[in-house]
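Each remark here refers to the structure printed beneath this line.
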Amino acid sequence: MYVGVIHTVRDATAWAEMMRSLDPDSFPAGLELLATGTSQDVDRAICLWRAPSVEQLQTTLDQLAGQIAVNDCFGVSDEFTSVAGQTPQAATA
């Protein structure tokens, strides 16, 4: 399923360091970061993930970044999500 995340950044310096060192291969199995973007003032960020559940991603992000950001995770409709390079059939798998 797709999961959207709005991050409210508490520590801009720590967030920037985490993003610079981000290694998508280090994420737990089943979690795939599809897109991310951080505001110019580094106080908010958005991400789109593929994950087994909202709860699993919420737990993982709170463990990884809970000290530096509030992570608001929510399910995203497969029907109304478009990811470049992916067909709708692949997106719902």
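Following the order of the structure tokens, first chain is A, next is B, and so on, with residues numbered from 1 inside each chain and ligands from 1 in the order they appear.
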- Query: Quick one: residues within 8 Å of Asp11 (chain A), only C-alpha atoms counted, chain neighbours fewer than 4 positions away excluded, as an NGL selection string?
  - Reply: :A and (15 or 68-69)
- Message: Give me, as an MDAnalysis selection string, the residues of chain A that a backbone DSSP run labels helix (DSSP H, G or I).
- Response: chainID A and resid 12:20 24:26 54:65 88:91
How would the residues just picked look written out with N, CA and C atoms as an mmCIF file, in the first residue's frame?
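Output file result-v5.cif is given in full below:
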data_model
loop_
_atom_site.group_PDB
_atom_site.id
_atom_site.type_symbol
_atom_site.label_atom_id
_atom_site.label_comp_id
_atom_site.auth_asym_id
_atom_site.auth_seq_id
_atom_site.Cartn_x
_atom_site.Cartn_y
_atom_site.Cartn_z
ATOM 1 N N ALA A 12 16.370 21.039 12.542
ATOM 2 C CA ALA A 12 16.714 21.165 11.122
ATOM 3 C C ALA A 12 18.109 20.629 10.817
ATOM 4 N N THR A 13 19.059 20.854 11.694
ATOM 5 C CA THR A 13 20.419 20.388 11.461
ATOM 6 C C THR A 13 20.472 18.862 11.442
ATOM 7 N N ALA A 14 19.840 18.241 12.418
ATOM 8 C CA ALA A 14 19.823 16.777 12.478
ATOM 9 C C ALA A 14 19.052 16.192 11.290
ATOM 10 N N TRP A 15 17.961 16.838 10.890
ATOM 11 C CA TRP A 15 17.195 16.373 9.732
ATOM 12 C C TRP A 15 18.064 16.403 8.474
ATOM 13 N N ALA A 16 18.751 17.524 8.257
ATOM 14 C CA ALA A 16 19.599 17.666 7.070
ATOM 15 C C ALA A 16 20.693 16.597 7.066
ATOM 16 N N GLU A 17 21.289 16.329 8.209
ATOM 17 C CA GLU A 17 22.322 15.296 8.296
ATOM 18 C C GLU A 17 21.744 13.923 7.972
ATOM 19 N N MET A 18 20.557 13.638 8.511
ATOM 20 C CA MET A 18 19.921 12.350 8.246
ATOM 21 C C MET A 18 19.619 12.199 6.752
ATOM 22 N N MET A 19 19.094 13.254 6.130
ATOM 23 C CA MET A 19 18.751 13.178 4.714
ATOM 24 C C MET A 19 19.992 13.017 3.839
ATOM 25 N N ARG A 20 21.077 13.665 4.202
ATOM 26 C CA ARG A 20 22.319 13.535 3.425
ATOM 27 C C ARG A 20 22.891 12.125 3.494
ATOM 28 N N PRO A 24 18.592 4.150 1.179
ATOM 29 C CA PRO A 24 17.355 3.390 0.997
ATOM 30 C C PRO A 24 17.530 1.876 1.149
ATOM 31 N N ASP A 25 18.727 1.365 0.908
ATOM 32 C CA ASP A 25 18.975 -0.071 1.060
ATOM 33 C C ASP A 25 18.977 -0.497 2.527
ATOM 34 N N SER A 26 19.047 0.450 3.442
ATOM 35 C CA SER A 26 19.083 0.106 4.862
ATOM 36 C C SER A 26 17.694 0.040 5.498
ATOM 37 N N VAL A 54 0.298 1.293 7.461
ATOM 38 C CA VAL A 54 0.584 2.611 8.036
ATOM 39 C C VAL A 54 1.286 2.435 9.373
ATOM 40 N N GLU A 55 0.798 1.502 10.161
ATOM 41 C CA GLU A 55 1.343 1.290 11.502
ATOM 42 C C GLU A 55 2.808 0.879 11.475
ATOM 43 N N GLN A 56 3.166 -0.008 10.535
ATOM 44 C CA GLN A 56 4.565 -0.446 10.464
ATOM 45 C C GLN A 56 5.477 0.717 10.091
ATOM 46 N N LEU A 57 5.057 1.523 9.116
ATOM 47 C CA LEU A 57 5.890 2.662 8.732
ATOM 48 C C LEU A 57 5.959 3.679 9.859
ATOM 49 N N GLN A 58 4.833 3.951 10.520
ATOM 50 C CA GLN A 58 4.820 4.905 11.638
ATOM 51 C C GLN A 58 5.816 4.488 12.711
ATOM 52 N N THR A 59 5.793 3.218 13.083
ATOM 53 C CA THR A 59 6.703 2.708 14.105
ATOM 54 C C THR A 59 8.157 2.861 13.674
ATOM 55 N N THR A 60 8.451 2.491 12.433
ATOM 56 C CA THR A 60 9.819 2.579 11.925
ATOM 57 C C THR A 60 10.312 4.016 11.902
ATOM 58 N N LEU A 61 9.492 4.933 11.372
ATOM 59 C CA LEU A 61 9.921 6.331 11.301
ATOM 60 C C LEU A 61 10.071 6.953 12.682
ATOM 61 N N ASP A 62 9.192 6.582 13.601
ATOM 62 C CA ASP A 62 9.325 7.115 14.959
ATOM 63 C C ASP A 62 10.607 6.633 15.622
ATOM 64 N N GLN A 63 11.015 5.398 15.310
ATOM 65 C CA GLN A 63 12.278 4.890 15.850
ATOM 66 C C GLN A 63 13.470 5.577 15.198
ATOM 67 N N LEU A 64 13.405 5.804 13.889
ATOM 68 C CA LEU A 64 14.536 6.386 13.158
ATOM 69 C C LEU A 64 14.640 7.901 13.316
ATOM 70 N N ALA A 65 13.508 8.579 13.318
ATOM 71 C CA ALA A 65 13.537 10.050 13.262
ATOM 72 C C ALA A 65 12.640 10.719 14.293
ATOM 73 N N PRO A 88 -0.443 1.573 -13.053
ATOM 74 C CA PRO A 88 -1.405 1.381 -11.964
ATOM 75 C C PRO A 88 -1.447 -0.058 -11.458
ATOM 76 N N GLN A 89 -1.294 -1.052 -12.342
ATOM 77 C CA GLN A 89 -1.308 -2.444 -11.906
ATOM 78 C C GLN A 89 -0.125 -2.737 -10.980
ATOM 79 N N ALA A 90 1.063 -2.206 -11.307
ATOM 80 C CA ALA A 90 2.243 -2.427 -10.472
ATOM 81 C C ALA A 90 2.098 -1.697 -9.142
ATOM 82 N N ALA A 91 1.423 -0.554 -9.167
ATOM 83 C CA ALA A 91 1.296 0.258 -7.957
ATOM 84 C C ALA A 91 0.439 -0.434 -6.909
#
- Taking only C-alpha atoms into account, which of A:Cys73, A:Val9, A:Asp23, A:Val83 comes nearest Gln40 (chain A)? A:Val9
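Closest approach to Leu22 (chain A) from the set A:Gln67, A:Asp72, A:Thr8, A:Thr36 is made by A:Thr36, with distances taken over only C-alpha atoms.
All residues within region 1-31 of chain A that the backbone DSSP calculation assigns to strand (DSSP E) are Tyr2, Val3, Gly4, Val5, Ile6, His7, Thr8 and Val9 of chain A.
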Let's have the selection written as a compact mmCIF listing (two decimals), in the first residue's frame, with N, CA and C atoms.
# COMPACT_ATOMS: atom_id res chain seq x y z
N TYR A 2 0.29 2.34 -0.47
CA TYR A 2 1.00 3.62 -0.40
C TYR A 2 0.74 4.26 0.95
N VAL A 3 1.77 4.92 1.48
CA VAL A 3 1.64 5.66 2.74
C VAL A 3 2.29 7.02 2.54
N GLY A 4 1.54 8.07 2.85
CA GLY A 4 2.07 9.42 2.82
C GLY A 4 2.53 9.81 4.21
N VAL A 5 3.52 10.68 4.26
CA VAL A 5 4.02 11.15 5.55
C VAL A 5 4.27 12.65 5.46
N ILE A 6 3.78 13.34 6.46
CA ILE A 6 4.14 14.75 6.64
C ILE A 6 5.00 14.80 7.89
N HIS A 7 6.22 15.27 7.72
CA HIS A 7 7.15 15.39 8.84
C HIS A 7 7.19 16.85 9.28
N THR A 8 7.00 17.08 10.56
CA THR A 8 7.21 18.41 11.14
C THR A 8 8.56 18.35 11.83
N VAL A 9 9.53 19.03 11.26
CA VAL A 9 10.92 18.91 11.70
C VAL A 9 11.16 19.75 12.95
- Atomic distance CA of Asp43 (chain A) - CA of Phe74 (chain A), expressed in Å with one decimal: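 Value for the CA of Asp43 (chain A)-CA of Phe74 (chain A) distance: 19.3 Å.
Of note, CA of Thr81 (chain A) and CA of Met1 (chain A) are spaced 10.6 Å apart.
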- Note on the structure: Separating CA of Leu31 (chain A) from CA of Trp49 (chain A), to the nearest tenth of an Å, is a gap of 7.0 Å
- Which of these residues is nearest to Arg10 (chain A), using only C-alpha atoms: A:Pro52, A:Cys47, A:Gly66, A:Ala35? A:Gly66
